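S.K.: Pasting a structure below so you can have a look.
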Amino acid sequence: MTKISSGIKALDQLINSYSIGDNVVWEVDAGTSYNVFMLNFIRQSCDDAQNVIYVSFNRSPQSIHNYLQGIASPEHLVLIDCFSSGKGKNDSTFLKYYDKPSVFNVVRVSNPHDIETFTEMLNSLEDSLPSGARYVFDSLTGMQDLWGDENSTYKFFTYMCPRLYDLETVAYWILEKDAHSQQFKANLRHITQDVFDLYVRRDKLFIKALKLTDRQDREAFKAHIFTIENGTVSISLPKREIASDLGGKLKDLRTRIGLSQKDLADKIDVTPSFISQLENNQISPSLYSFLQMCRALGVNPAHVLAADADHSTSWLLKRATVSERLIPVAEGIKEYIIVDDDKLSARMVSLGAGTALARHFHALRKPEFIHVVRGTVSVSVEGKTEQLHPGDSVFLRDSAPVQWKNEGGEEAELVEVW
């Protein structure tokens with residue numbers, strides 16, 4: 001199953017990222033700086049070359065423009081303005097934003113009070129974009145204020161949530177928890193895939209999952225302190241001493257004694273899917289699950305970990321491992337994560353024979369170094385087109401390419417570093 005990053009590494013680690021189709025509801029307290037979670041998700045979506053549809057009920061288009069400038073790439077963001085003619089009451093202060101062209105694609109909804117018309121417009125927009133566009137609804141609370149009651153907002157959510165799931169997107173929904181009844185929040189939790197609670201206690205910020213679909217690890221359901229520094233979110237997580245290739249060790253032990261994945265799953269009361277993901281190192285077990293597995297397999301946990309440590313090669317990045325970290329870019333063009341941490345990011349890009357892309361692979365992360373490993377490609381930067389061969393490189397400081405093209409008859413490969 002394809003995983004989607006939240007744009008926050010600590011959150012991805014805590015929840016094993018998102019899956020295609022996830023609707024994510026954020027129940028927030030005042031003062032929790034929930035916007036930083038939205039911003040990182042939008043930035044990541046643009047980096048993944050996915051369109052973002054930002055539906056605003058609570059912010060004027062100018063404030064969103066200021067808010068997202070430098071975060072979202074203009075070619076990927078569509079702003080649906082339900083504020084100016086909604087809470088903004090067509091005030092000239094807000095409407096003057098439209099007196100000059102915007103760098104973003106902005107659609108003003110002239111009558112956001114009409115739910116049916118708004119829904120039809122949203123569906124029409126989705127149909128006009130490539131599949132996989134991601135969504136941010138900035139305020140379920142703002143919808144309720146505009147539409148008058150929880151029932152109308154709930155009906156809209158019950159329609160859109162399964163639709164967005166079927167469209168294979170990921171959608172963020174923001175909800176101010178104190179503005180809604182417990183019944184309303186419980187109903188939303190029943191329908192959606194993921195729910196997070198953000199709150200403040202004694203001047204500390206906490207995040208806790210209230211619902212996570214298809215995740216077996218229970219660590220995310222505990223309260224974790226998070227901090228924000230220069231837009232970067234850090235979450236206090238327990239140290240996990242289990243090495244990254246543990247899944248293969250456990251699989252070897254299971255097959256040696258003739259147990260199927262279902263047999264082992266039944267023994268420790270988890271799903272066969274959980275065992276499969278663990279053995280493929282797609283997820284990490286909690287300490288409790290790991291101890292249960294060792295008991296079911298009849299092995300000493302210390303021996304398993306010691307054996308794993310003896311063969312640890314964390315510095316080695318095999319091509320087979322990299323090929324599992326796919327970020328689709330466009331038809332025939334794929335990007336793979338090689339390394340992605342606080343100090344260095346490196347990706348491999350493959351361009352199928354004859355493919356072309358009229359933009360860069362993602363929003364420019366300057367400075368950026370790109371090296372041609374295989375094939376012949378052309379790149380257009382600042383009005384000039386150059387042909388690149390294996391061994392040639394590009395160093396981008398401020399200008400992003402406006403076109404890449406595979407000029408050869410075979411697949412081309414590039415390596416990006418920033």
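Labeling convention for the structure tokens: chains A, B, ... as they appear, residues from 1 per chain, ligands from 1 in order of appearance.
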Please identify all polymer residues within 7 Å of Phe104 in chain A, counting only C-alpha atoms, omitting same-chain residues fewer than 5 positions from it, and present them as a list in words.
M.R.: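 Result of the neighbour search: Pro74, Leu77 and Val78 of chain A.
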S.K.: Which residues, written as a PyMOL selection string, have at least one atom at most 8 Å from Glu368 in chain A, with only C-alpha atoms counted and residues fewer than 5 positions away on the same chain left out?
M.R.: chain A and resi 395-397+416-418
S.K.: May I have the residues within 9 Å of Trp173 in chain A as a list in words, using only C-alpha atoms and disregarding those fewer than 2 positions away in the same chain?
M.R.: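 Those residues are Asn23, Val24, Val25, Trp26, Glu27, Tyr135, Val136, Phe137, Asp138, Ser139, Leu140, Ala171 and Leu175 of chain A.
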S.K.: Which polymer residues have any atom within 7 Å of an atom of range 48-59 of chain A, counting only C-alpha atoms, with same-chain residues fewer than 3 positions away left out, as a list in words?
M.R.: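 The residues satisfying every condition are Ile42, Gln44, Ser45, Ser63, Ile64, His76, Leu77, Val78, Leu79, Ile80, Asp81, Cys82, Phe83, Gly132, Ala133, Arg134, Tyr135, Val136, Phe137, Asp138, Ser139, Gly142, Met143, Ile327, Val329, Phe361 and His362 of chain A.
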S.K.: Could you check the closest approach to Phe221 in chain A for each of A:Phe41, A:Phe118, A:Phe206, A:Tyr34 and tell me which residue wins, using only C-alpha atoms?
M.R.: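 Using only C-alpha atoms, Phe221 in chain A sits closest to A:Phe206.
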S.K.: Near Val379 in chain A, within 8 Å and counting only C-alpha atoms, which residues show up once chain neighbours fewer than 6 positions away are dropped, as number ranges by chain?
M.R.: A: 385-388, 401-405
S.K.: I'd like to know which residues of range 137-360 of chain A are helix (DSSP H, G or I) (by DSSP, run on the backbone); could you write them as number ranges by chain?
M.R.: A: 140-147, 150-166, 177-179, 182-191, 219-221, 246-256, 261-268, 272-279, 287-297, 301-310, 319-322
